[in-house]
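Q: Have a look at the structure that comes next, please.
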Amino acid sequence: MTDMTERNRTQDPDGEKEPLQTRKTPTKRGGGDPASRGRTTIADGVVEKIAGLAARDVLGVHAMGSGLSRTFGAVRDRVPGGSKSVSRGVKAEVGELQTALDLEIVVDYGVSIGDVARAVRENVIAAVERMTGLEVVEVNIAVSDVKLPDEEDEEPEPRLQ
């Protein structure tokens, strides 16, 4: 045998030489990358919460939702055990790889509605895509009201001071 052939062979525990190709390699269990073993689903409500929080972070957004939903939400927030609805004014349709969002906002008087809508879209898309890995295909924004400086909020006064 030549030196090259000798290098391509190994010795088994019995001292016999066998070709390198027939040497046993440890088998992988589970069939591949752990990240590909199973499926992750994201509920509509999860995406709605992420989008609602991201939209509220934009300067010029006074509130989320229509007047009626804000009124009911304010009452629900005051009920003991009730929680503040961060997804108010947000509707999401979530697929396996993509999502589409509809937002209803109230803007502060004096701000550019176009600039606020653009900033909301950018912030919502960045937050949802970063946190969920879903592609945001559209963010539709409906401006349902403008908050005037001298207007009181629609939330009722607390009964106890």
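Lettering and numbering for the structure tokens are positional, with chains as A, B, ... in the shown order, residues counted from 1 in each chain, and ligands counted from 1 in the shown order.
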I need the strand (DSSP E or B) residues of range 74-133 of chain A per DSSP on the backbone, written as a PyMOL selection string.

A: chain A and resi 90-94+98-108

Q: Would you mind exporting the chosen residues as a tab-separated table (two decimals), in the first residue's frame, restricted to C-alpha atoms?

A:
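Final output, saved to again29.tsv:
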chain	number	residue	atom	x	y	z
A	90	VAL	CA	-56.43	48.12	16.39
A	91	LYS	CA	-57.58	45.21	14.24
A	92	ALA	CA	-55.09	42.66	12.93
A	93	GLU	CA	-55.40	39.83	10.44
A	94	VAL	CA	-52.55	37.41	11.00
A	98	GLN	CA	-47.80	38.04	6.95
A	99	THR	CA	-50.12	40.40	8.80
A	100	ALA	CA	-52.30	43.37	7.89
A	101	LEU	CA	-53.41	46.03	10.37
A	102	ASP	CA	-56.22	48.58	10.62
A	103	LEU	CA	-55.77	51.37	13.16
A	104	GLU	CA	-58.21	54.04	14.29
A	105	ILE	CA	-56.56	57.05	15.94
A	106	VAL	CA	-57.36	60.44	17.39
A	107	VAL	CA	-54.74	63.10	16.69
A	108	ASP	CA	-53.88	66.23	18.64

Q: Report, in Å to a single decimal, how far apart CA of Asp115 in chain A and CA of Ala51 in chain A are.

A: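 If I compute the distance from CA of Ala51 in chain A to CA of Asp115 in chain A, I get 17.6 Å.
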
Q: Neighbours of Val120 in chain A within 12 Å (only C-alpha atoms; same-chain residues fewer than 3 positions away dropped), as a PyMOL selection string?

A: chain A and resi 51-61+64+101-107+113-117+123-128+139-143

Q: For the residues selected in the previous step, produce a file with N, CA and C atoms as a tab-separated table (two decimals), in the first residue's frame.

A:
chain	number	residue	atom	x	y	z
A	51	ALA	N	-48.98	46.52	18.07
A	51	ALA	CA	-49.27	47.66	17.21
A	51	ALA	C	-49.87	48.81	18.01
A	52	GLY	N	-50.75	48.51	18.96
A	52	GLY	CA	-51.37	49.55	19.77
A	52	GLY	C	-50.35	50.31	20.60
A	53	LEU	N	-49.44	49.59	21.22
A	53	LEU	CA	-48.40	50.25	22.01
A	53	LEU	C	-47.47	51.07	21.13
A	54	ALA	N	-47.11	50.53	19.97
A	54	ALA	CA	-46.21	51.26	19.06
A	54	ALA	C	-46.88	52.52	18.52
A	55	ALA	N	-48.18	52.47	18.24
A	55	ALA	CA	-48.89	53.64	17.72
A	55	ALA	C	-49.00	54.72	18.79
A	56	ARG	N	-49.25	54.33	20.03
A	56	ARG	CA	-49.38	55.30	21.12
A	56	ARG	C	-48.07	56.04	21.40
A	57	ASP	N	-46.94	55.43	21.03
A	57	ASP	CA	-45.63	56.05	21.26
A	57	ASP	C	-45.36	57.24	20.34
A	58	VAL	N	-46.16	57.41	19.30
A	58	VAL	CA	-45.91	58.46	18.32
A	58	VAL	C	-46.46	59.79	18.83
A	59	LEU	N	-45.64	60.82	18.75
A	59	LEU	CA	-46.05	62.16	19.15
A	59	LEU	C	-47.16	62.65	18.22
A	60	GLY	N	-48.25	63.13	18.79
A	60	GLY	CA	-49.38	63.60	18.00
A	60	GLY	C	-50.56	62.66	18.05
A	61	VAL	N	-50.35	61.42	18.51
A	61	VAL	CA	-51.46	60.48	18.68
A	61	VAL	C	-52.01	60.72	20.09
A	64	MET	N	-56.50	56.09	20.88
A	64	MET	CA	-56.78	55.07	19.88
A	64	MET	C	-58.25	54.69	19.96
A	101	LEU	N	-52.87	45.32	9.21
A	101	LEU	CA	-53.41	46.03	10.37
A	101	LEU	C	-54.29	47.19	9.96
A	102	ASP	N	-55.35	47.40	10.75
A	102	ASP	CA	-56.22	48.58	10.62
A	102	ASP	C	-56.17	49.29	11.96
A	103	LEU	N	-55.85	50.58	11.94
A	103	LEU	CA	-55.77	51.37	13.16
A	103	LEU	C	-56.72	52.55	13.07
A	104	GLU	N	-57.35	52.87	14.19
A	104	GLU	CA	-58.21	54.04	14.29
A	104	GLU	C	-57.61	54.93	15.38
A	105	ILE	N	-57.25	56.16	15.00
A	105	ILE	CA	-56.56	57.05	15.94
A	105	ILE	C	-57.26	58.39	16.07
A	106	VAL	N	-56.96	59.06	17.16
A	106	VAL	CA	-57.36	60.44	17.39
A	106	VAL	C	-56.06	61.23	17.48
A	107	VAL	N	-55.96	62.31	16.70
A	107	VAL	CA	-54.74	63.10	16.69
A	107	VAL	C	-54.94	64.39	17.47
A	113	ILE	N	-51.53	65.62	10.06
A	113	ILE	CA	-52.10	64.28	10.07
A	113	ILE	C	-51.28	63.33	9.20
A	114	GLY	N	-50.83	63.82	8.06
A	114	GLY	CA	-50.00	62.99	7.17
A	114	GLY	C	-48.70	62.57	7.84
A	115	ASP	N	-48.06	63.49	8.55
A	115	ASP	CA	-46.81	63.16	9.24
A	115	ASP	C	-47.04	62.18	10.38
A	116	VAL	N	-48.13	62.38	11.12
A	116	VAL	CA	-48.44	61.47	12.22
A	116	VAL	C	-48.74	60.08	11.67
A	117	ALA	N	-49.54	60.00	10.60
A	117	ALA	CA	-49.88	58.70	10.01
A	117	ALA	C	-48.62	57.99	9.50
A	123	ASN	N	-43.47	53.18	12.88
A	123	ASN	CA	-43.26	52.64	14.21
A	123	ASN	C	-43.95	51.29	14.39
A	124	VAL	N	-45.17	51.18	13.89
A	124	VAL	CA	-45.93	49.93	14.01
A	124	VAL	C	-45.26	48.82	13.20
A	125	ILE	N	-44.89	49.11	11.96
A	125	ILE	CA	-44.25	48.10	11.12
A	125	ILE	C	-42.95	47.62	11.76
A	126	ALA	N	-42.13	48.56	12.23
A	126	ALA	CA	-40.85	48.17	12.84
A	126	ALA	C	-41.07	47.30	14.08
A	127	ALA	N	-42.01	47.67	14.94
A	127	ALA	CA	-42.24	46.92	16.17
A	127	ALA	C	-42.80	45.52	15.88
A	128	VAL	N	-43.80	45.44	15.02
A	128	VAL	CA	-44.44	44.15	14.73
A	128	VAL	C	-43.46	43.22	14.03
A	139	VAL	N	-50.67	48.80	6.65
A	139	VAL	CA	-51.17	49.42	7.88
A	139	VAL	C	-52.11	50.52	7.43
A	140	ASN	N	-53.41	50.28	7.57
A	140	ASN	CA	-54.42	51.26	7.21
A	140	ASN	C	-54.76	52.08	8.44
A	141	ILE	N	-54.76	53.40	8.28
A	141	ILE	CA	-55.00	54.29	9.41
A	141	ILE	C	-56.22	55.15	9.13
A	142	ALA	N	-57.17	55.12	10.07
A	142	ALA	CA	-58.35	55.98	9.99
A	142	ALA	C	-58.27	56.98	11.13
A	143	VAL	N	-58.28	58.25	10.79
A	143	VAL	CA	-58.28	59.30	11.81
A	143	VAL	C	-59.73	59.62	12.10

Q: Could you tell me how far CA of Val46 in chain A sits from CA of Ala63 in chain A, in Å to one decimal place?

A: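 One can read the CA of Ala63 in chain A to CA of Val46 in chain A distance as 19.3 Å.
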
Q: Work out how far CA of Ser87 in chain A is from CA of Thr40 in chain A, in Å to one decimal.

A: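 Atom-to-atom, CA of Thr40 in chain A and CA of Ser87 in chain A are spaced 21.5 Å apart.
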
Q: Looking at only C-alpha atoms, which of A:Val146, A:Val137, A:Leu97, A:Val86 is the one that sits closest to Tyr109 in chain A?

A: A:Val146
